[in-house]
Amino acid sequence: MSLITQIDQDIKQAMLAKQPDRLQALRAIKSALLLAKTEKGAAEELTQEAEIKVLQKLVKQRKESADIYKTQNREDLYMIEMAEMHVIEPYLPQQMTRFEIEGAVQDIITRLGATSTQDMGKVMGLASKEMAGQADGKTISEVVRQLLG
């Protein structure tokens, strides 16, 4: 079942269950997926990788907005962003823990024979590719810098 079909079914369930917060987040997902599908140069159907990138972007936007609202003491808006983020996250693949990321990055460093921060680009490229959708790029970068530095 495609992600858009799953989202459509979840939208219907949220409507029937009268869950306006969940419904708003699901509609945001559907809107972003349809927008990505109709972008110039996009394929007929979105690939699973493209769908994951769209969902990651939505989660990142919610997280950044929530951080801003938190610093501005806007608890009401912070809670809305966090609630939407928690609705979107289950559609993403299981995220790796920092410990798992460190193990995977160490393996990549060993395979590439990387020894210093000058090799960071090579390590980051391969790590980002291998852990796409399972780990945040910022976390991967921190781990690579820590292990090479």
# chains A, B, ... in the order shown; residues from 1 in each chain; ligands from 1
call {"tool": "residues_around", "arguments": {"residues": "Lys37 in chain A", "least_positions_apart": "5", "cutoff": "12 Å", "atoms": "only C-alpha atoms", "output": "PyMOL selection string"}}
result
chain A and resi 4+30-32+42-48+50-51+54
call {"tool": "residues_around", "arguments": {"residues": "range 121-133 of chain A", "least_positions_apart": "4", "cutoff": "7 Å", "atoms": "only C-alpha atoms", "output": "list in words"}}
result
Ile52, Pro93, Val105, Ile108, Ile109, Gly137 and Ser141 of chain A
call {"tool": "closest_residue", "arguments": {"among": "A:Thr38, A:Glu81, A:Ser2, A:Ser65", "to": "Gln24 in chain A", "atoms": "only C-alpha atoms"}}
result
A:Glu81
call {"tool": "closest_residue", "arguments": {"among": "A:Leu58, A:Ala17, A:Leu147, A:Ile11", "to": "Leu33 in chain A", "atoms": "only C-alpha atoms"}}
result
A:Leu58
call {"tool": "residues_around", "arguments": {"residues": "Leu148 in chain A", "least_positions_apart": "5", "cutoff": "9 Å", "atoms": "only C-alpha atoms", "output": "JSON, numbers by chain"}}
result
{"A": [109, 114, 115, 116, 117, 118, 119, 120, 143]}
call {"tool": "write_last_selection", "arguments": {"atoms": "N, CA, C and O atoms", "output": "compact mmCIF listing (two decimals), in the first residue's frame"}}
result
# COMPACT_ATOMS: atom_id res chain seq x y z
N ILE A 109 34.16 4.14 8.61
CA ILE A 109 35.52 4.69 8.73
C ILE A 109 36.55 3.58 8.48
O ILE A 109 37.54 3.78 7.77
N ALA A 114 39.58 5.83 6.65
CA ALA A 114 39.64 7.25 7.03
C ALA A 114 40.42 7.40 8.32
O ALA A 114 40.29 6.59 9.24
N THR A 115 41.24 8.45 8.38
CA THR A 115 42.08 8.64 9.57
C THR A 115 41.97 10.03 10.19
O THR A 115 42.32 10.20 11.35
N SER A 116 41.52 11.02 9.43
CA SER A 116 41.47 12.38 9.98
C SER A 116 40.23 13.11 9.47
O SER A 116 39.47 12.59 8.66
N THR A 117 40.05 14.33 9.96
CA THR A 117 38.90 15.13 9.55
C THR A 117 38.94 15.49 8.06
O THR A 117 37.92 15.90 7.52
N GLN A 118 40.08 15.32 7.42
CA GLN A 118 40.16 15.57 5.98
C GLN A 118 39.33 14.54 5.20
O GLN A 118 38.92 14.81 4.07
N ASP A 119 39.09 13.39 5.80
CA ASP A 119 38.31 12.33 5.16
C ASP A 119 36.82 12.44 5.50
O ASP A 119 36.04 11.57 5.13
N MET A 120 36.44 13.49 6.18
CA MET A 120 35.05 13.63 6.65
C MET A 120 34.05 13.62 5.49
O MET A 120 32.99 13.02 5.60
N VAL A 143 28.66 12.62 14.98
CA VAL A 143 29.35 11.37 15.27
C VAL A 143 30.62 11.24 14.42
O VAL A 143 31.67 10.87 14.93
call {"tool": "residues_around", "arguments": {"residues": "Glu89 in chain A", "least_positions_apart": "6", "cutoff": "9 Å", "atoms": "only C-alpha atoms", "output": "PyMOL selection string"}}
result
chain A and resi 55-56+59
call {"tool": "residues_around", "arguments": {"residues": "Thr139 in chain A", "least_positions_apart": "6", "cutoff": "10 Å", "atoms": "only C-alpha atoms", "output": "list of chain:residue names"}}
result
A:Thr97, A:Arg98, A:Ile101, A:Glu102, A:Arg145
call {"tool": "select_by_dssp", "arguments": {"residues": "chain A", "states": "alpha helix (DSSP H)", "output": "tab-separated table (two decimals) with C-alpha atoms, in the first residue's frame"}}
result
chain	number	residue	atom	x	y	z
A	3	LEU	CA	1.95	6.06	1.66
A	4	ILE	CA	-0.66	8.40	0.15
A	5	THR	CA	-3.28	5.62	0.29
A	6	GLN	CA	-2.36	4.97	3.93
A	7	ILE	CA	-2.60	8.69	4.73
A	8	ASP	CA	-6.02	8.88	3.04
A	9	GLN	CA	-7.29	6.02	5.19
A	10	ASP	CA	-5.85	7.61	8.33
A	11	ILE	CA	-7.50	10.94	7.43
A	12	LYS	CA	-10.88	9.19	7.21
A	13	GLN	CA	-10.29	7.53	10.58
A	14	ALA	CA	-9.28	10.84	12.17
A	15	MET	CA	-12.42	12.49	10.79
A	16	LEU	CA	-14.65	9.72	12.15
A	20	PRO	CA	-8.76	17.64	14.72
A	21	ASP	CA	-5.08	17.80	15.73
A	22	ARG	CA	-4.28	14.45	14.10
A	23	LEU	CA	-6.35	15.42	11.07
A	24	GLN	CA	-4.40	18.66	10.61
A	25	ALA	CA	-1.06	16.84	10.69
A	26	LEU	CA	-2.27	14.13	8.28
A	27	ARG	CA	-3.51	16.76	5.85
A	28	ALA	CA	-0.12	18.47	6.03
A	29	ILE	CA	1.55	15.16	5.12
A	30	LYS	CA	-0.82	14.59	2.20
A	31	SER	CA	-0.33	18.16	0.97
A	32	ALA	CA	3.46	17.86	1.07
A	33	LEU	CA	3.39	14.50	-0.73
A	34	LEU	CA	1.07	15.80	-3.45
A	35	LEU	CA	3.23	18.90	-3.85
A	36	ALA	CA	6.36	16.75	-4.22
A	37	LYS	CA	4.54	14.54	-6.72
A	38	THR	CA	3.53	17.48	-8.91
A	48	GLN	CA	9.85	5.41	-1.12
A	49	GLU	CA	13.08	7.39	-0.67
A	50	ALA	CA	11.37	10.56	-1.90
A	51	GLU	CA	8.44	9.98	0.46
A	52	ILE	CA	10.85	9.52	3.38
A	53	LYS	CA	12.67	12.76	2.47
A	54	VAL	CA	9.36	14.65	2.44
A	55	LEU	CA	8.41	13.24	5.84
A	56	GLN	CA	11.85	14.00	7.28
A	57	LYS	CA	11.54	17.57	6.03
A	58	LEU	CA	8.14	17.91	7.72
A	59	VAL	CA	9.50	16.55	11.02
A	60	LYS	CA	12.53	18.85	10.82
A	61	GLN	CA	10.29	21.87	10.18
A	62	ARG	CA	8.11	20.98	13.17
A	63	LYS	CA	11.16	20.46	15.39
A	64	GLU	CA	12.71	23.80	14.39
A	65	SER	CA	9.43	25.66	14.86
A	66	ALA	CA	8.89	24.02	18.25
A	67	ASP	CA	12.38	25.10	19.35
A	68	ILE	CA	11.66	28.69	18.32
A	69	TYR	CA	8.32	28.68	20.13
A	70	LYS	CA	9.95	27.20	23.24
A	71	THR	CA	12.56	29.99	23.37
A	75	GLU	CA	3.86	26.94	25.06
A	76	ASP	CA	0.56	26.79	23.12
A	77	LEU	CA	2.26	26.87	19.71
A	78	TYR	CA	5.07	24.62	20.93
A	79	MET	CA	2.54	21.94	21.91
A	80	ILE	CA	0.83	22.12	18.48
A	81	GLU	CA	4.14	21.62	16.65
A	82	MET	CA	5.15	18.74	18.91
A	83	ALA	CA	1.77	17.04	18.48
A	84	GLU	CA	2.06	17.27	14.69
A	85	MET	CA	5.60	15.93	14.83
A	86	HIS	CA	4.41	12.93	16.86
A	87	VAL	CA	1.73	12.21	14.24
A	88	ILE	CA	4.25	12.34	11.36
A	98	ARG	CA	23.16	7.27	18.77
A	99	PHE	CA	24.96	4.07	19.80
A	100	GLU	CA	23.87	2.34	16.56
A	101	ILE	CA	24.93	5.37	14.52
A	102	GLU	CA	28.36	5.36	16.18
A	103	GLY	CA	28.78	1.67	15.34
A	104	ALA	CA	27.74	2.15	11.72
A	105	VAL	CA	30.00	5.21	11.28
A	106	GLN	CA	32.94	3.36	12.85
A	107	ASP	CA	32.38	0.53	10.37
A	108	ILE	CA	32.33	3.01	7.47
A	109	ILE	CA	35.52	4.69	8.73
A	110	THR	CA	37.22	1.28	8.87
A	111	ARG	CA	36.05	0.32	5.37
A	112	LEU	CA	37.21	3.61	3.86
A	120	MET	CA	35.05	13.63	6.65
A	121	GLY	CA	33.47	14.30	3.25
A	122	LYS	CA	33.96	10.72	2.06
A	123	VAL	CA	32.69	9.28	5.34
A	124	MET	CA	29.68	11.64	5.46
A	125	GLY	CA	28.72	10.82	1.87
A	126	LEU	CA	28.67	7.09	2.45
A	127	ALA	CA	27.13	7.35	5.93
A	128	SER	CA	24.32	9.60	4.72
A	129	LYS	CA	23.60	7.22	1.87
A	130	GLU	CA	23.61	4.08	4.03
A	137	GLY	CA	22.11	14.18	9.11
A	138	LYS	CA	23.08	16.47	11.97
A	139	THR	CA	23.59	13.53	14.32
A	140	ILE	CA	25.59	11.64	11.70
A	141	SER	CA	27.81	14.70	11.22
A	142	GLU	CA	28.39	15.05	14.98
A	143	VAL	CA	29.35	11.37	15.27
A	144	VAL	CA	31.69	11.50	12.25
A	145	ARG	CA	33.39	14.63	13.59
A	146	GLN	CA	33.73	13.03	17.05
A	147	LEU	CA	35.20	9.78	15.70
A	148	LEU	CA	37.58	11.42	13.21
call {"tool": "decode", "arguments": {"residues": "range 21-36 of chain A", "atoms": "all heavy atoms", "output": "compact mmCIF listing (two decimals), in the first residue's frame"}}
result
# COMPACT_ATOMS: atom_id res chain seq x y z
N ASP A 21 -6.54 17.61 15.75
CA ASP A 21 -5.08 17.80 15.73
C ASP A 21 -4.41 16.78 14.82
O ASP A 21 -3.53 17.11 14.02
CB ASP A 21 -4.51 17.69 17.14
CG ASP A 21 -5.01 18.79 18.06
OD1 ASP A 21 -5.45 19.82 17.53
OD2 ASP A 21 -4.95 18.61 19.29
N ARG A 22 -4.82 15.53 14.94
CA ARG A 22 -4.28 14.45 14.10
C ARG A 22 -4.64 14.71 12.64
O ARG A 22 -3.82 14.54 11.75
CB ARG A 22 -4.82 13.11 14.58
CG ARG A 22 -4.31 11.94 13.79
CD ARG A 22 -4.70 10.61 14.48
NE ARG A 22 -4.41 9.47 13.65
CZ ARG A 22 -3.20 8.98 13.41
NH1 ARG A 22 -2.16 9.56 13.95
NH2 ARG A 22 -3.03 7.94 12.63
N LEU A 23 -5.87 15.14 12.42
CA LEU A 23 -6.35 15.42 11.07
C LEU A 23 -5.52 16.51 10.41
O LEU A 23 -5.13 16.39 9.23
CB LEU A 23 -7.82 15.82 11.12
CG LEU A 23 -8.53 16.04 9.80
CD1 LEU A 23 -8.51 14.77 8.96
CD2 LEU A 23 -9.97 16.48 10.05
N GLN A 24 -5.21 17.56 11.15
CA GLN A 24 -4.40 18.66 10.61
C GLN A 24 -3.02 18.17 10.19
O GLN A 24 -2.53 18.52 9.11
CB GLN A 24 -4.28 19.76 11.65
CG GLN A 24 -3.48 20.95 11.17
CD GLN A 24 -3.41 22.05 12.23
OE1 GLN A 24 -4.13 22.04 13.21
NE2 GLN A 24 -2.52 22.99 12.01
N ALA A 25 -2.39 17.36 11.01
CA ALA A 25 -1.06 16.84 10.69
C ALA A 25 -1.11 15.90 9.48
O ALA A 25 -0.24 15.96 8.61
CB ALA A 25 -0.48 16.11 11.90
N LEU A 26 -2.13 15.05 9.41
CA LEU A 26 -2.27 14.13 8.28
C LEU A 26 -2.50 14.89 6.97
O LEU A 26 -1.97 14.53 5.93
CB LEU A 26 -3.40 13.13 8.53
CG LEU A 26 -3.13 12.11 9.63
CD1 LEU A 26 -4.40 11.35 9.97
CD2 LEU A 26 -2.03 11.16 9.22
N ARG A 27 -3.29 15.94 7.05
CA ARG A 27 -3.51 16.76 5.85
C ARG A 27 -2.23 17.46 5.41
O ARG A 27 -1.99 17.64 4.22
CB ARG A 27 -4.63 17.76 6.11
CG ARG A 27 -6.00 17.12 6.08
CD ARG A 27 -7.10 18.12 6.30
NE ARG A 27 -8.41 17.51 6.11
CZ ARG A 27 -9.52 17.96 6.64
NH1 ARG A 27 -9.50 19.05 7.40
NH2 ARG A 27 -10.67 17.36 6.41
N ALA A 28 -1.40 17.85 6.36
CA ALA A 28 -0.12 18.47 6.03
C ALA A 28 0.78 17.46 5.31
O ALA A 28 1.47 17.81 4.34
CB ALA A 28 0.56 18.98 7.29
N ILE A 29 0.76 16.21 5.77
CA ILE A 29 1.55 15.16 5.12
C ILE A 29 1.06 14.97 3.69
O ILE A 29 1.84 14.94 2.74
CB ILE A 29 1.46 13.82 5.88
CG1 ILE A 29 2.09 13.92 7.25
CG2 ILE A 29 2.12 12.70 5.07
CD1 ILE A 29 1.83 12.71 8.14
N LYS A 30 -0.25 14.83 3.54
CA LYS A 30 -0.82 14.59 2.20
C LYS A 30 -0.50 15.76 1.27
O LYS A 30 -0.11 15.56 0.12
CB LYS A 30 -2.33 14.39 2.29
CG LYS A 30 -2.95 14.05 0.95
CD LYS A 30 -4.41 13.73 1.05
CE LYS A 30 -4.97 13.41 -0.33
NZ LYS A 30 -6.39 13.07 -0.29
N SER A 31 -0.63 16.97 1.77
CA SER A 31 -0.33 18.16 0.97
C SER A 31 1.12 18.16 0.51
O SER A 31 1.42 18.42 -0.66
CB SER A 31 -0.63 19.41 1.79
OG SER A 31 -0.21 20.56 1.12
N ALA A 32 2.04 17.86 1.42
CA ALA A 32 3.46 17.86 1.07
C ALA A 32 3.78 16.77 0.06
O ALA A 32 4.57 16.98 -0.87
CB ALA A 32 4.30 17.68 2.34
N LEU A 33 3.16 15.60 0.22
CA LEU A 33 3.39 14.50 -0.73
C LEU A 33 2.84 14.84 -2.11
O LEU A 33 3.49 14.58 -3.13
CB LEU A 33 2.77 13.21 -0.21
CG LEU A 33 3.47 12.57 0.99
CD1 LEU A 33 2.65 11.41 1.53
CD2 LEU A 33 4.87 12.12 0.63
N LEU A 34 1.65 15.42 -2.15
CA LEU A 34 1.07 15.80 -3.45
C LEU A 34 1.89 16.90 -4.11
O LEU A 34 2.07 16.89 -5.33
CB LEU A 34 -0.39 16.24 -3.27
CG LEU A 34 -1.37 15.12 -2.92
CD1 LEU A 34 -2.76 15.70 -2.65
CD2 LEU A 34 -1.44 14.08 -4.02
N LEU A 35 2.39 17.83 -3.32
CA LEU A 35 3.23 18.90 -3.85
C LEU A 35 4.52 18.32 -4.44
O LEU A 35 4.94 18.70 -5.54
CB LEU A 35 3.55 19.92 -2.76
CG LEU A 35 4.30 21.16 -3.18
CD1 LEU A 35 3.46 21.98 -4.16
CD2 LEU A 35 4.65 22.01 -1.98
N ALA A 36 5.13 17.39 -3.73
CA ALA A 36 6.36 16.75 -4.22
C ALA A 36 6.08 15.96 -5.49
O ALA A 36 6.92 15.91 -6.40
CB ALA A 36 6.94 15.84 -3.15
